[in-house]
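Asks: Okay, so here is coords.cif, and as you'll see once you scroll down, it has mmCIF, C-alpha atoms.
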data_coords
#
loop_
_atom_site.label_atom_id
_atom_site.label_comp_id
_atom_site.auth_asym_id
_atom_site.auth_seq_id
_atom_site.Cartn_x
_atom_site.Cartn_y
_atom_site.Cartn_z
CA MET A 1268 83.38 61.57 115.90
CA SER A 1269 81.53 64.45 117.50
CA THR A 1270 82.44 67.92 116.24
CA ASP A 1271 79.75 69.68 118.26
CA LYS A 1272 80.53 73.21 119.34
CA ILE A 1273 84.34 73.00 119.23
CA PHE A 1274 84.39 76.53 117.79
CA ASP A 1275 82.84 77.92 120.99
CA ASN A 1276 86.06 77.38 122.96
CA THR A 1277 87.34 80.95 123.36
CA GLU A 1278 90.21 80.02 125.67
CA ILE A 1279 91.87 78.12 122.79
CA ALA A 1280 90.68 80.61 120.15
CA PHE A 1281 92.33 83.61 121.78
CA SER A 1282 95.19 81.89 123.61
CA LEU A 1283 97.78 84.00 121.75
CA LYS A 1284 96.11 87.32 122.55
CA ASN A 1285 97.05 89.17 125.71
CA ASP A 1286 94.42 91.37 127.37
CA SER A 1287 95.34 94.53 125.45
CA GLU A 1288 95.30 92.67 122.09
CA LEU A 1289 91.89 91.25 123.02
CA GLU A 1290 90.63 94.78 123.76
CA ARG A 1291 92.03 96.08 120.46
CA ALA A 1292 90.29 93.27 118.54
CA TYR A 1293 87.02 94.05 120.32
CA PHE A 1294 87.36 97.78 119.56
CA LEU A 1295 88.13 97.15 115.85
CA PHE A 1296 85.22 94.78 115.28
CA LYS A 1297 82.92 97.16 117.17
CA MET A 1298 83.96 99.95 114.76
CA ILE A 1299 83.60 97.68 111.70
CA SER A 1300 80.08 96.73 112.81
CA ILE A 1301 78.92 100.34 112.27
CA GLU A 1302 78.48 100.70 108.51
CA PRO A 1303 78.42 104.54 108.26
CA LEU A 1304 81.61 104.64 110.32
CA VAL A 1305 83.35 102.26 107.89
CA ARG A 1306 82.29 104.45 104.94
CA ILE A 1307 83.51 107.65 106.64
CA GLY A 1308 86.71 105.97 107.84
CA THR A 1309 87.45 104.62 104.37
CA ALA A 1310 86.98 108.03 102.73
CA ALA A 1311 89.05 109.78 105.41
CA THR A 1312 91.86 107.22 105.17
CA ASN A 1313 91.99 107.44 101.36
CA PHE A 1314 92.11 111.23 101.57
CA ALA A 1315 94.82 111.20 104.25
CA ILE A 1316 97.02 108.82 102.23
CA LYS A 1317 96.61 110.82 98.99
CA ALA A 1318 97.36 114.05 100.86
CA ASN A 1319 100.45 112.42 102.45
CA LEU A 1320 99.18 113.13 105.96
CA PRO A 1321 101.19 111.36 108.70
CA ILE A 1322 98.66 108.66 109.62
CA GLU A 1323 100.75 105.53 108.99
CA GLY A 1324 101.68 105.19 112.66
CA LEU A 1325 98.02 105.21 113.72
CA ILE A 1326 97.04 102.70 111.02
CA ARG A 1327 100.02 100.50 111.87
CA SER A 1328 99.18 100.28 115.57
CA THR A 1329 95.48 99.53 115.03
CA VAL A 1330 93.93 97.99 111.92
CA PHE A 1331 97.24 97.06 110.19
CA ASP A 1332 98.70 95.12 113.12
CA HIS A 1333 95.40 93.29 113.63
CA PHE A 1334 94.94 92.14 110.01
CA CYS A 1335 98.56 92.10 108.72
CA GLY A 1336 101.75 90.35 109.78
CA GLY A 1337 104.18 93.17 109.01
CA VAL A 1338 105.72 95.31 106.27
CA ASN A 1339 108.05 92.57 104.96
CA GLU A 1340 108.67 88.82 105.36
CA GLU A 1341 111.12 89.14 108.26
CA ASP A 1342 108.71 91.48 110.04
CA CYS A 1343 106.08 88.67 109.95
CA LEU A 1344 108.31 86.06 111.59
CA SER A 1345 107.27 86.69 115.19
CA VAL A 1346 103.57 86.30 114.24
CA ILE A 1347 104.37 83.15 112.19
CA ASN A 1348 106.39 81.54 114.98
CA ARG A 1349 103.83 82.31 117.69
CA MET A 1350 100.98 80.80 115.69
CA PHE A 1351 103.00 77.72 114.78
CA LEU A 1352 103.46 76.98 118.49
CA LYS A 1353 99.68 76.41 118.48
CA GLY A 1354 99.81 74.30 115.31
CA VAL A 1355 98.64 77.02 112.90
CA SER A 1356 100.76 77.44 109.75
CA SER A 1357 101.09 80.62 107.66
CA VAL A 1358 100.59 81.60 104.04
CA LEU A 1359 102.53 84.80 103.41
CA ASP A 1360 100.35 87.02 101.21
CA TYR A 1361 102.04 90.01 99.56
CA SER A 1362 98.90 92.16 99.55
CA VAL A 1363 99.94 95.02 97.30
CA GLU A 1364 97.25 95.67 94.68
CA GLY A 1365 96.48 97.79 91.64
CA LYS A 1366 99.91 97.97 90.02
CA GLU A 1367 100.18 98.55 86.25
CA SER A 1368 103.81 98.61 85.07
CA GLU A 1369 106.10 95.80 83.90
CA LYS A 1370 108.66 96.90 86.49
CA GLU A 1371 106.08 96.52 89.28
CA PHE A 1372 105.00 93.09 87.97
CA ASP A 1373 108.62 91.90 87.91
CA SER A 1374 109.07 93.24 91.43
CA ALA A 1375 105.98 91.31 92.62
CA MET A 1376 107.34 88.12 91.02
CA HIS A 1377 110.69 88.56 92.78
CA THR A 1378 108.85 89.04 96.08
CA ILE A 1379 107.02 85.72 95.56
CA LEU A 1380 110.30 83.97 94.65
CA LYS A 1381 111.78 85.38 97.84
CA ILE A 1382 108.82 84.05 99.84
CA ILE A 1383 109.34 80.56 98.36
CA ASP A 1384 113.03 80.74 99.33
CA PHE A 1385 111.98 81.92 102.77
CA ALA A 1386 109.34 79.16 103.08
CA LYS A 1387 111.40 76.18 101.93
CA ASP A 1388 113.41 76.16 105.19
CA ILE A 1389 110.54 77.07 107.55
CA ASP A 1390 108.03 74.35 108.46
CA ALA A 1391 105.55 77.00 109.57
CA ILE A 1392 105.20 78.30 105.96
CA PRO A 1393 104.23 75.31 103.78
CA ILE A 1394 102.40 77.38 101.15
CA ALA A 1395 102.97 80.52 99.05
CA VAL A 1396 100.35 82.59 97.20
CA PHE A 1397 100.02 85.22 94.50
CA LYS A 1398 97.35 87.11 92.57
CA PRO A 1399 97.27 86.92 88.76
CA THR A 1400 96.97 90.73 88.58
CA GLY A 1401 100.18 90.94 90.59
CA PHE A 1402 101.90 89.64 87.43
CA GLY A 1403 99.97 91.48 84.69
CA ARG A 1404 97.27 94.02 83.89
CA LEU A 1405 93.66 93.05 84.53
CA SER A 1406 92.58 94.46 81.13
CA LEU A 1407 95.17 92.24 79.41
CA TYR A 1408 93.75 89.10 81.08
CA GLU A 1409 90.30 90.28 80.02
CA LYS A 1410 91.39 90.67 76.39
CA VAL A 1411 93.14 87.27 76.32
CA GLY A 1412 90.15 85.56 77.97
CA SER A 1413 87.69 87.03 75.46
CA GLY A 1414 89.78 85.69 72.55
CA GLU A 1415 90.52 89.11 71.07
CA VAL A 1416 93.59 89.48 68.85
CA LEU A 1417 96.45 91.08 70.77
CA THR A 1418 98.68 93.78 69.36
CA GLN A 1419 102.36 92.93 69.08
CA LYS A 1420 103.09 94.92 72.26
CA GLU A 1421 100.24 93.17 74.13
CA GLN A 1422 101.49 89.77 72.97
CA GLN A 1423 104.92 90.57 74.38
CA GLU A 1424 103.24 91.67 77.62
CA TRP A 1425 101.23 88.42 77.78
CA ASP A 1426 104.36 86.36 77.09
CA SER A 1427 105.92 88.10 80.11
CA VAL A 1428 102.89 87.21 82.26
CA VAL A 1429 103.14 83.55 81.21
CA ASN A 1430 106.87 83.62 81.91
CA ARG A 1431 106.35 85.04 85.43
CA PHE A 1432 103.83 82.30 86.21
CA ASP A 1433 106.22 79.66 84.90
CA ILE A 1434 109.25 80.94 86.83
CA VAL A 1435 107.28 80.97 90.12
CA CYS A 1436 105.62 77.58 89.56
CA LYS A 1437 108.93 75.93 88.62
CA LYS A 1438 110.55 77.39 91.75
CA ALA A 1439 107.63 76.08 93.85
CA LYS A 1440 108.01 72.58 92.38
CA ASP A 1441 111.82 72.59 92.78
CA ASN A 1442 111.48 73.55 96.46
CA ASP A 1443 108.37 71.48 97.26
CA VAL A 1444 106.41 74.55 98.38
CA ALA A 1445 102.73 74.57 97.34
CA VAL A 1446 101.55 77.76 95.64
CA LEU A 1447 97.97 79.03 95.70
CA ILE A 1448 96.92 81.30 92.82
CA ASP A 1449 94.07 83.54 93.85
CA ALA A 1450 90.90 84.13 91.82
CA GLU A 1451 89.77 87.63 90.91
CA GLU A 1452 87.01 89.27 88.83
CA SER A 1453 85.08 86.93 86.51
CA TRP A 1454 85.87 89.00 83.41
CA MET A 1455 89.60 88.31 83.77
CA GLN A 1456 89.33 84.81 85.23
CA ASP A 1457 89.08 82.75 82.01
CA ALA A 1458 92.61 83.74 80.97
CA ALA A 1459 93.95 83.13 84.50
CA ASP A 1460 92.21 79.72 84.67
CA GLY A 1461 93.71 78.67 81.35
CA LEU A 1462 97.17 79.69 82.49
CA VAL A 1463 96.88 77.93 85.87
CA THR A 1464 95.68 74.73 84.15
CA GLU A 1465 98.81 74.88 81.95
CA MET A 1466 100.94 75.19 85.09
CA MET A 1467 99.15 72.22 86.71
CA GLN A 1468 99.72 70.09 83.60
CA LYS A 1469 103.41 70.99 83.70
CA TYR A 1470 104.17 70.87 87.42
CA ASN A 1471 101.49 68.74 89.17
CA THR A 1472 102.90 65.52 87.72
CA GLU A 1473 103.59 63.75 91.04
CA LYS A 1474 101.29 65.62 93.42
CA PRO A 1475 99.44 68.94 93.62
CA ILE A 1476 101.92 71.82 93.93
CA ILE A 1477 100.00 74.45 91.94
CA TYR A 1478 96.51 75.32 93.23
CA ASN A 1479 93.87 77.35 91.43
CA THR A 1480 91.07 79.13 93.34
CA LEU A 1481 87.35 78.55 92.81
CA GLN A 1482 84.97 81.29 93.97
CA MET A 1483 81.88 79.28 94.75
CA TYR A 1484 79.54 82.29 94.71
CA ARG A 1485 79.85 81.81 90.93
CA HIS A 1486 77.14 79.39 89.79
CA ASP A 1487 79.38 77.89 87.07
CA ARG A 1488 82.31 76.81 89.24
CA LEU A 1489 81.13 73.31 90.20
CA ALA A 1490 80.74 72.43 86.52
CA PHE A 1491 84.18 73.94 85.88
CA LEU A 1492 85.69 71.78 88.64
CA LYS A 1493 84.16 68.61 87.15
CA LYS A 1494 85.38 69.52 83.66
CA GLU A 1495 88.93 70.18 84.94
CA HIS A 1496 88.84 66.87 86.82
CA GLN A 1497 88.05 65.04 83.57
CA LYS A 1498 90.89 66.89 81.83
CA ALA A 1499 93.33 65.95 84.62
CA LYS A 1500 92.36 62.27 84.46
CA GLU A 1501 92.94 62.25 80.72
CA GLY A 1502 96.21 64.20 81.03
CA ASN A 1503 97.44 62.22 84.06
CA TYR A 1504 98.21 65.15 86.35
CA PHE A 1505 96.98 66.25 89.79
CA LEU A 1506 94.62 69.08 90.71
CA GLY A 1507 94.93 71.50 93.60
CA TYR A 1508 92.04 73.84 94.41
CA LYS A 1509 91.41 76.45 97.03
CA LEU A 1510 87.68 76.81 97.59
CA VAL A 1511 86.36 80.20 98.72
CA ARG A 1512 82.96 81.81 98.60
CA GLY A 1513 84.23 84.99 96.88
CA ALA A 1514 85.09 88.63 97.50
CA TYR A 1515 83.80 90.75 94.59
CA MET A 1516 80.05 90.21 94.76
CA GLU A 1517 78.82 93.82 94.53
CA LYS A 1518 81.30 94.64 91.77
CA GLU A 1519 80.24 91.51 89.81
CA ASN A 1520 76.51 92.23 90.11
CA ASP A 1521 76.91 95.93 89.27
CA ARG A 1522 78.95 95.19 86.14
CA ALA A 1523 76.51 92.51 84.93
CA LYS A 1524 73.61 94.96 85.36
CA GLU A 1525 75.47 97.79 83.67
CA LYS A 1526 76.52 95.67 80.66
CA GLY A 1527 73.26 93.73 80.43
CA TYR A 1528 74.41 90.14 80.94
CA LYS A 1529 73.37 87.50 83.48
CA SER A 1530 75.32 87.87 86.72
CA PRO A 1531 77.78 85.02 87.33
CA ILE A 1532 76.89 85.17 91.04
CA CYS A 1533 74.54 82.66 92.67
CA ILE A 1534 71.02 83.89 93.18
CA ASN A 1535 71.34 84.08 96.99
CA LYS A 1536 73.52 83.18 99.96
CA THR A 1537 71.87 79.76 100.37
CA ALA A 1538 72.74 78.82 96.78
CA THR A 1539 76.34 79.92 97.37
CA ASP A 1540 76.56 77.82 100.54
CA GLU A 1541 75.14 74.79 98.74
CA ASN A 1542 77.58 75.29 95.86
CA PHE A 1543 80.55 75.55 98.25
CA ASP A 1544 79.52 72.45 100.19
CA SER A 1545 78.88 70.47 96.97
CA ALA A 1546 82.43 71.27 95.84
CA LEU A 1547 83.78 70.13 99.24
CA LEU A 1548 81.95 66.82 98.83
CA TYR A 1549 83.11 66.37 95.22
CA MET A 1550 86.74 66.98 96.14
CA ILE A 1551 86.65 64.66 99.16
CA GLU A 1552 85.22 61.96 96.88
CA ASN A 1553 88.15 62.43 94.48
CA LEU A 1554 91.16 62.87 96.77
CA ASP A 1555 93.08 60.26 94.79
CA CYS A 1556 93.96 62.95 92.25
CA MET A 1557 93.25 66.29 93.95
CA SER A 1558 94.06 68.28 97.06
CA LEU A 1559 91.83 70.79 98.82
CA PHE A 1560 92.50 74.07 100.58
CA ALA A 1561 89.16 75.07 102.15
CA GLY A 1562 89.35 78.83 102.59
CA THR A 1563 86.32 79.52 104.72
CA HIS A 1564 85.15 81.53 107.72
CA ASN A 1565 81.88 79.59 107.71
CA GLU A 1566 81.44 77.32 110.72
CA ASN A 1567 78.87 75.05 109.05
CA SER A 1568 81.14 74.34 106.07
CA SER A 1569 84.06 73.70 108.44
CA TYR A 1570 81.98 71.23 110.46
CA LEU A 1571 80.82 69.57 107.23
CA LEU A 1572 84.40 69.08 106.03
CA MET A 1573 85.36 67.56 109.39
CA GLN A 1574 82.39 65.18 109.15
CA LEU A 1575 83.23 64.22 105.55
CA MET A 1576 86.80 63.45 106.60
CA ALA A 1577 85.56 61.32 109.50
CA SER A 1578 83.10 59.45 107.27
CA LYS A 1579 85.99 58.59 104.91
CA LYS A 1580 88.13 57.58 107.92
CA LEU A 1581 90.75 60.16 106.94
CA LYS A 1582 93.28 61.32 109.51
CA ASN A 1583 92.76 64.87 110.80
CA ASN A 1584 96.18 65.81 109.43
CA ASP A 1585 95.76 64.19 105.98
CA ASN A 1586 98.16 66.29 103.89
CA ARG A 1587 95.67 66.59 100.99
CA ILE A 1588 93.29 68.71 103.09
CA TRP A 1589 93.88 72.16 104.55
CA PHE A 1590 91.58 74.61 106.30
CA GLY A 1591 92.40 78.29 105.84
CA GLN A 1592 91.31 81.60 107.31
CA LEU A 1593 92.55 85.18 107.15
CA TYR A 1594 94.84 86.53 109.86
CA GLY A 1595 92.86 88.68 112.29
CA MET A 1596 89.59 86.85 111.69
CA SER A 1597 87.89 83.61 112.79
CA ASP A 1598 90.53 82.61 115.34
CA HIS A 1599 87.81 80.47 116.93
CA ILE A 1600 87.85 78.29 113.80
CA SER A 1601 91.61 78.27 113.11
CA PHE A 1602 92.96 77.59 116.59
CA ASN A 1603 90.27 75.11 117.62
CA LEU A 1604 90.82 73.11 114.43
CA ALA A 1605 94.59 73.14 114.96
CA ASP A 1606 94.03 72.02 118.55
CA LYS A 1607 92.27 68.93 117.14
CA GLY A 1608 95.21 68.19 114.83
CA TYR A 1609 93.80 69.44 111.51
CA ASN A 1610 96.02 71.19 108.95
CA VAL A 1611 95.28 74.89 109.32
CA ALA A 1612 96.92 77.91 107.69
CA LYS A 1613 96.27 81.59 108.18
CA TYR A 1614 96.72 83.98 105.26
CA ILE A 1615 99.19 86.59 106.56
CA PRO A 1616 98.97 89.76 104.46
CA PHE A 1617 102.08 91.94 104.46
CA GLY A 1618 103.56 94.91 102.60
CA PRO A 1619 104.19 98.64 103.09
CA VAL A 1620 101.34 100.18 105.12
CA LYS A 1621 100.31 102.57 102.34
CA ASP A 1622 100.30 99.84 99.66
CA VAL A 1623 98.28 97.40 101.78
CA MET A 1624 95.49 99.92 102.49
CA PRO A 1625 93.22 98.78 99.58
CA TYR A 1626 93.33 95.27 101.07
CA LEU A 1627 92.52 96.55 104.57
CA ILE A 1628 89.66 98.70 103.31
CA ARG A 1629 88.19 95.68 101.50
CA ARG A 1630 88.46 93.63 104.70
CA ALA A 1631 86.56 96.28 106.66
CA GLU A 1632 83.86 96.60 103.98
CA GLU A 1633 83.55 92.82 103.66
CA ASN A 1634 83.12 92.37 107.42
CA THR A 1635 80.44 95.06 107.39
CA SER A 1636 78.51 93.37 104.57
CA VAL A 1637 78.77 89.72 105.67
CA ALA A 1638 75.74 89.10 107.83
CA GLY A 1639 76.66 87.71 111.22
CA GLN A 1640 80.46 87.65 110.70
CA THR A 1641 81.27 90.71 112.82
CA GLY A 1642 78.56 89.91 115.37
CA ARG A 1643 80.03 86.43 115.85
CA GLU A 1644 83.54 87.86 116.35
CA LEU A 1645 82.21 90.35 118.92
CA SER A 1646 80.22 87.75 120.86
CA LEU A 1647 83.26 85.45 121.13
CA LEU A 1648 85.56 88.31 122.17
CA THR A 1649 83.00 89.36 124.80
CA LYS A 1650 82.77 85.78 126.07
CA GLU A 1651 86.57 85.54 126.40
CA LYS A 1652 86.81 88.91 128.19
CA LYS A 1653 84.22 87.66 130.72
CA ARG A 1654 86.03 84.34 131.13
CA ARG A 1655 89.30 86.10 131.94
CA LYS A 1656 87.65 88.49 134.40
CA ALA A 1657 86.17 85.52 136.23
CA LEU A 1658 89.58 83.89 136.78
#
Rewrite the coordinates I just gave you, this time as structure tokens.

Replies:
Amino acid sequence: MSTDKIFDNTEIAFSLKNDSELERAYFLFKMISIEPLVRIGTAATNFAIKANLPIEGLIRSTVFDHFCGGVNEEDCLSVINRMFLKGVSSVLDYSVEGKESEKEFDSAMHTILKIIDFAKDIDAIPIAVFKPTGFGRLSLYEKVGSGEVLTQKEQQEWDSVVNRFDIVCKKAKDNDVAVLIDAEESWMQDAADGLVTEMMQKYNTEKPIIYNTLQMYRHDRLAFLKKEHQKAKEGNYFLGYKLVRGAYMEKENDRAKEKGYKSPICINKTATDENFDSALLYMIENLDCMSLFAGTHNENSSYLLMQLMASKKLKNNDNRIWFGQLYGMSDHISFNLADKGYNVAKYIPFGPVKDVMPYLIRRAEENTSVAGQTGRELSLLTKEKKRRKAL
């Protein structure tokens, strides 16, 4: 099967965008491509929000509407339904970050439960997602992961975290909705990994419902995957993994330098790419007991996964394999894959505009720092604008 250049088809990639949406996308990526502008814009936005200046309308009509589905689940429905017409499913991502109180953690859990209820009756939403730090404090995960003795109050807190995980995972299993649990900073990840493995042992008894996330810019993740595979074979349960490259590289390297330990991040981009692709290969070789959600904006890795599937004579829509990208980015990958019948899901961030700003700022900074990402988006948008003018 030839997979040559399918991602170059801009007519399919941008089929859902009208001319004004195409222009807005071009304008946004043009702005994001200018690093000093992103820094100034980030500082100005943070100041405006803290000072309660009335900028929500401007943010909503530009960067928010491009990268987010809406302020609540119902608000996202028109985006979800439009994409599903083109074969692209949705993962509703409640993108509120940095909360610290038990009340806020309970509220986040209830939002995820609501999403599972919402998803169980809608074919376009086969998967839910949450962040571990949505359900508990990062410093608590760090303390648990390092094996420190918890105070009585901290133990009660941790018991609540475990309980929130369990309530959501049980609900996911009862309603046959897969749930992806995101990965975060390495210094909190050991505790999260241990907890997700417990949930897999408990709920992945017939098939993968609970998915952990492996950030393959970490040089230890392939070994971790192999070790977890051995554990699953011995324990007779299924594994689900979302593979990503990772989103906290500068923070990880800075902390390692500051505290004087070896950085968990691969030595360079090439090593990260090789690590990601090795994990793809390992999972495809072991599909009898694991399912894969390939969260990638990398064309080469996407082509590789297509080729691996073809070499194993797997159907394009094999339900153990999903491709995933973020809403507002890499439409040339998502919609062209869906057009060929692959399982594709877009992460659709949502939440109150003010609360979602840390997510949006990270997106802008990430696009600025990823070599070639923004340039590729701009070249494809330019190509599609020219194609439409020529009609």

Asks: Just give me the gap between CA of Phe1560 (chain A) and CA of Ile1394 (chain A) in Å, one decimal is fine.

Replies: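 Answer for the CA of Phe1560 (chain A) to CA of Ile1394 (chain A) separation: 10.5 Å.
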
Asks: As JSON, what would the box around region 1564-1573 of chain A look like: edges along x, y and z, 3 Å added on every side, centre and edge lengths in Å to one decimal?

Replies:
{"center_x": 82.1, "center_y": 74.5, "center_z": 108.4, "size_x": 12.5, "size_y": 20.0, "size_z": 10.7}

Asks: Name the closest residue to Lys1366 (chain A) among the candidates A:Ala1561, A:Val1511, A:Ile1382, A:Leu1405; distances are taken between atoms, counting all atoms listed in the file.

Replies: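 Of the candidates, the smallest distance to Lys1366 (chain A) is held by A:Leu1405.
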
Asks: Hey, can you check how far CA of Ser1300 (chain A) sits from CA of Gly1642 (chain A)?

Replies: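 Between these atoms lies a distance of 7.4 Å.
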
Asks: Give as a PyMOL selection string the residues that the PyMOL selection byres ((chain A and resi 1315-1332) around 8) matches when applied to the coordinates above.

Replies: chain A and resi 1291+1295+1311-1314+1333-1337+1620-1621+1627

Asks: Could you work out how far CA of Phe1281 (chain A) lies from CA of Met1350 (chain A), giving the answer in Å with one decimal?

Replies: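 CA of Phe1281 (chain A) lies 10.9 Å from CA of Met1350 (chain A).
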